[in-house]
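Written below as C-alpha cells is the structure these notes are about.
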Protein chains: 2
Amino acid sequence: MKSVNVGLCGLGTVGSGTFNVMQRNLEDIARRAGKPVRITHIGARRDNPACEVGEDVKISRDIFDVVRDPDVHIVVELIGGYDTAKALVLEAISNGKHVVTANKALIAVHGNEIFKAAEANGVVVAYEAAVAGGIPIIKGIREGLVANDIKWLAGIINGTGNFILTEMREKGRVFDDVLKEAQALGYAEADPTFDVEGIDAAHKLTILASIAFGIPLQFDKVYTEGISRITREDVQYAEELGYRIKHLGFTRKTAEGVELRVHPTLVPEKRLLANVNGVLNAVLVEGDAVGPTMYYGPGAGSEQTASSVIADIVDIAREIDNAGNVPHLGYSTETENLPVLPVSEIETAYYLRITVKDEIGQMAQIASIMSENGINIEAILQKEPEEDASTVPLILLTHPVREKHMDKAIEALQGLDSVIKPIVRIRVEQLDG
Amino acid sequence: MKSVNVGLCGLGTVGSGTFNVMQRNLEDIARRAGKPVRITHIGARRDNPACEVGEDVKISRDIFDVVRDPDVHIVVELIGGYDTAKALVLEAISNGKHVVTANKALIAVHGNEIFKAAEANGVVVAYEAAVAGGIPIIKGIREGLVANDIKWLAGIINGTGNFILTEMREKGRVFDDVLKEAQALGYAEADPTFDVEGIDAAHKLTILASIAFGIPLQFDKVYTEGISRITREDVQYAEELGYRIKHLGFTRKTAEGVELRVHPTLVPEKRLLANVNGVLNAVLVEGDAVGPTMYYGPGAGSEQTASSVIADIVDIAREIDNAGNVPHLGYSTETENLPVLPVSEIETAYYLRITVKDEIGQMAQIASIMSENGINIEAILQKEPEEDASTVPLILLTHPVREKHMDKAIEALQGLDSVIKPIVRIRVEQLDG
C-alpha cells in the first residue's frame, strides 16, 4: 500500500499540534486511512521545542522547499496571513499537490481564485480547520446536509468574543476588564480587533454561507459589527427579557437574496445555542428536510484545530488517486441570481435601549414614531431612574422589521428632546425554524 | 455525465420522506453531487398517497425486483426489521449494488456479516440514518474525528425516552402518563419496549462504539437498562443536586476493555447535553486531540431521517466508480484485544435513594457499609419524612466506584433492618473530559 506523504508549512500553534497528534496517533490514523500517512517534510523558520521531530523528517527553513518537494503529496499550509500563504498555496497547486489549510482569512478573501486554480489542476484544497476549529462543520454542511435546501445558519464562531460575553453575563463584568483577561489567557491577540470587531467571524461566515447556498465567497459584502460596545446593562436587561446576547455570524436565504451579517444578537435563553459558553463554538443550521441541527466544540487551540487539519489530510489520503469528488464550495455549479442583500434590506427584530428624561408621556411619543414606521412592539421594560435620577432607560423589543424602517424610526426617536443619549440597538433572532 | 439510479425499497415514513425530499430538491442535489441522482425504481407493497410518483419511476410490488433491476446503482433499504431486510441487502450486495439503509437493528445485529459481504463484492453499505436520524454523526466520527483517539462518547439517542424524561422534569408528570401521550403523538410505538427499555438505544450505541474504537459490532454485549422505573421523585432529587436524568448510550475505552452501556444517567445540569430536551437527540464525543464535540438534531421523523439517507446516496453518487474509501466501521483493520467489559467491571459514580425508618443513627450504619466497600460519598440529601411519616428518603451521591463493589454495598445496605424498600440506584456521569 502506497504511503501518503505530507509536507507541513508552519510549526507554530496549529502546526505543532498537527505534528504531535499525527505522531501520537500514527497507527490509528493509518488504520483509518487504509494506508500509512506520514509527515515527511516540515518547512519552518525555526524548530519548535514542543515537537520531537525525528531524523526521517526533512526540515527546510524556506517553506517553499516543501511545495517543491517531489515526494510530497499533500501540502499543509499553517503559516496564516494573506500574501505568502496565497503564493505558497498557488505554487503547491500548480505543482499538482493537494492542499490543506486552516487559514480562514485566505479562503474568505482569495478562495474563489484558489479553488479555480485547484480545479484546473485536478487537486483538492481542504479547509475544515478554517471554520470553528475542531468542529467538523464544513463536512457537516457540504456532505451531511447535502439533501437540504438550507434556510439559514447561525454560528458562535469566535471563541474570544463568546468568552467575553459569557464572563460579562455570568459575573457582571465589563467589556474592557474581560478583554484584558482574555489577552492574558492567550485567547485574544495583543491587537484584538479581528476578534472583538467581528472580522474573524466574518471570514468564517463568508465560508459557511458559500457552502450552504452555493454562492461565491463574498467577504467584502458581510455586514460586520463587533461586541466592543456591548455594556453590562444590556446583557442584564436582555436576561430580564429571557434572552442572552451572543455574537453571531448569521446568514439566511430569502427570495431577494442572501443576508450575510455578523453582530451581537439577542437569542432566547432556552435555545441550546444560547447556552454555549466560554471559548466554545457552535453552529446551528436549519435545513428544509432535517430541520435544526447543531455542531458544537472547540473553535481554536493547537490540537483542537489539528483534529480538523488531520481529518482533511485523511479525507484526501483515503482517495488519493481520485480525490475531489466533493466540490470545494459544496456545489458543482454556482447558484445564480442570489445577491448579498445590503444591511438596510435585512429583516430582523430589535432590542432598543432608549434613555429618556424621567417625565410623563415619553412612551406615547415613542410608540407613535414606531407605529408610523410600521414597527410593532413586542415587549417593554421600563427601568428605575439611572444614577442621576433624572433619566430612565426604556427597553423595547420589536417584531421583525426591515432595517431601513428601523433606521428611520431611530433617526426620528433620536430627534426627540426627551431622548438624551444615543439609542442602543441590538438585533434579535428567535432561531426557531 | 452519467446519472446515478436509485432503487427505493419501502415507501413508509422514511421512504416517503426520502422520495419527497429527493423530488423537491432534485436540482440542488444534482448540483451538489456533480451529476443527476434519480429514484428510478420503487419497491413497495402499496402506493403511499403522500408521494406523487411520476410515470418515469418503475413500481414493483415485490421489493426484490428492485435489487434485481440492472439499471439500479444504489438500493435503499427502508423496510426495517431483520430477516427480509437482511436477505434484501445481501442480494443487493451480491448483485453488485451499493446499499443505503436506515435500519439500526439490522446493522447492530447483522452488520459484521453484511459489511464483510459488501467488501468482498466491492460495494458500500451506508447507514448514516441508522443512528440519531438526521444528525450526521456517523460521518462526524468516521471522518470528522479521524485524527482522534476517542476516549468516550455519550448520546441521547432515543427521542421517545428523552421526550418522556423531559416532560417528567419540566411538568412533574409520572412515567406512565407521559408514555401514553408519547404514543398518542406517534413518538412511541404501541409496543414501546424498544424505546423505553433501551433496546433501540443499544442498537445505536453498538454502532457508535464500533466506529469510535474499531471493534466489531457486539449488540449482545451491551448492558441495557430502560427508563420505565424512573420516578418523579428521583427526577426531582437529581435536580436538587444540580443534575438531570438523561437516558444515555455510553461507551468508554479503558485499558481493560470497552464499556458499552445504556441506562438512565445523572448528568450535571450545566452540561449542554443535559439541556437537550424533548424528542431531540445529541451525541457528545471526547477525542484526545479535539476534546469535546457535540452533534445535535432530530433523531427521527420522515424527512429528518431522509436527510441522512440522501446524504449517503450522494456520498456514493459523488464517487460512484470509486466508492468505498471510508471503511464501513471506520477502520480498515479491527482493533485487537479490546473486549467489552461486563457491567460488574465498569466504573461509575452513583445516585442512591435509600428509604429508611425515621430513626436516629441510620447514617452511621450506611456510611460504614459504604466505607467497608471502598465507596466515597460525595453528597448527601436527607429529605423530610414521606407520607406515612415513619420513613425518610436518604439520597447519596458517590464518587466513582467499580460496579461490583457497589453491588456488594447495596446487598449489605438492603440487609439492614432500617432499610425498608428496595434501594434505587442510577448511575452518574460528569462528562467532563
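Identifiers in the C-alpha cells: chain A, B, ... in order shown; residue index from 1 per chain; ligand index from 1 in order shown.
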
For Lys408 of chain B: contacts at 12 Å, only C-alpha atoms, fewer than 3 positions along chain excluded, given as a ChimeraX atom specification
/B:344,369-375,401-405,411-415

Name the residues of segment 214-397 of chain A that fall into strand (DSSP E) according to DSSP on the backbone, using the chain letters and numbers of this document, as a PyMOL selection string.
chain A and resi 223-224+243-253+258-268+280-287+291-298+347-357+377-382+391-397

With a distance threshold of 7 Å and counting only C-alpha atoms, extract the residues of chain A near chain B and express them as a VMD selection string.
chain A and resid 21 25 29 31 to 32 34 134 to 136 140 143 to 149 272 275 289 to 297 303 to 304 307 to 308 310 to 311 318 to 319 325 to 326 330 to 333

Residue list (alpha helix (DSSP H), DSSP) for segment 333-431 of chain B, as a list of chain:residue names
B:Gln362, B:Met363, B:Ala364, B:Gln365, B:Ile366, B:Ala367, B:Ser368, B:Ile369, B:Met370, B:Ser371, B:Glu372, B:Glu403, B:Lys404, B:His405, B:Met406, B:Asp407, B:Lys408, B:Ala409, B:Ile410, B:Glu411, B:Ala412, B:Leu413, B:Gln414

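Excluding Phe175 of chain A itself and any same-chain residue fewer than 5 positions from it, the protein and nucleic acid residues within 7 Å of it, counting only C-alpha atoms, are Ile164, Met168, Ser228 and Thr231 of chain A.
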
Using N, CA and C atoms, can you write the selected residues to a file as a PDB file, in the first residue's frame?
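The result, written out as part_28.pdb:
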```pdb
ATOM      1  N   ILE A 164     -15.811  36.534  26.268  1.00  0.00           N
ATOM      2  CA  ILE A 164     -16.048  37.857  26.863  1.00  0.00           C
ATOM      3  C   ILE A 164     -17.528  38.023  27.234  1.00  0.00           C
ATOM      4  N   MET A 168     -19.164  38.493  30.989  1.00  0.00           N
ATOM      5  CA  MET A 168     -19.986  39.676  31.287  1.00  0.00           C
ATOM      6  C   MET A 168     -21.324  39.256  31.890  1.00  0.00           C
ATOM      7  N   SER A 228     -17.602  45.313  21.021  1.00  0.00           N
ATOM      8  CA  SER A 228     -16.920  46.244  21.928  1.00  0.00           C
ATOM      9  C   SER A 228     -17.862  47.289  22.531  1.00  0.00           C
ATOM     10  N   THR A 231     -22.683  46.646  26.652  1.00  0.00           N
ATOM     11  CA  THR A 231     -22.490  47.006  28.058  1.00  0.00           C
ATOM     12  C   THR A 231     -23.089  45.941  28.965  1.00  0.00           C
TER      13      THR A 231
END
```

With only C-alpha atoms as the basis for distance, which of A:Val37, A:Val419, A:Leu8, A:Leu381 is at the shortest distance from Asp62 of chain A?
A:Leu8

Please list as a VMD selection string every residue within 10 Å of Val196 of chain B, counting only C-alpha atoms and excluding residues in the same chain fewer than 3 positions away.
chain B and resid 158 160 to 162 164 179 188 191 to 193 199 to 201 225 to 229 247

Would you kindly return, as a ChimeraX atom specification, each protein, DNA or RNA residue with an atom no farther than 12 Å from any atom of Leu338 of chain B, considering only C-alpha atoms and excluding same-chain residues fewer than 4 positions away?
/B:209-210,213-216,218,252-260,334

Pick from A:Val124, A:Val76, A:Val262, A:Ala212, whichever lies nearest to Ile150 of chain A using only C-alpha atoms
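Checking each of A:Val124, A:Val76, A:Val262, A:Ala212 against Ile150 of chain A, counting only C-alpha atoms, the winner is A:Ala212.
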
Just to confirm, what's the straight-line distance from atom CA of Val178 of chain A to atom CA of Arg232 of chain A in Å (one decimal)?
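Interatomic distance, atom CA of Val178 of chain A to atom CA of Arg232 of chain A: 11.3 Å.
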
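Nearest-residue note for Ala117 of chain A: choosing from A:Lys180, A:His328, A:Arg173, A:Arg68, the minimum distance belongs to A:His328, counting only C-alpha atoms.
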
Can you pull out the residues contacting Glu55 of chain A? Cut-off 12 Å, using only C-alpha atoms, and skip same-chain residues under 5 positions away; I want them as a ChimeraX atom specification.
/A:39-42

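Note that atom CA of Asn376 of chain A and atom CA of Gln430 of chain A are 15.9 Å apart.
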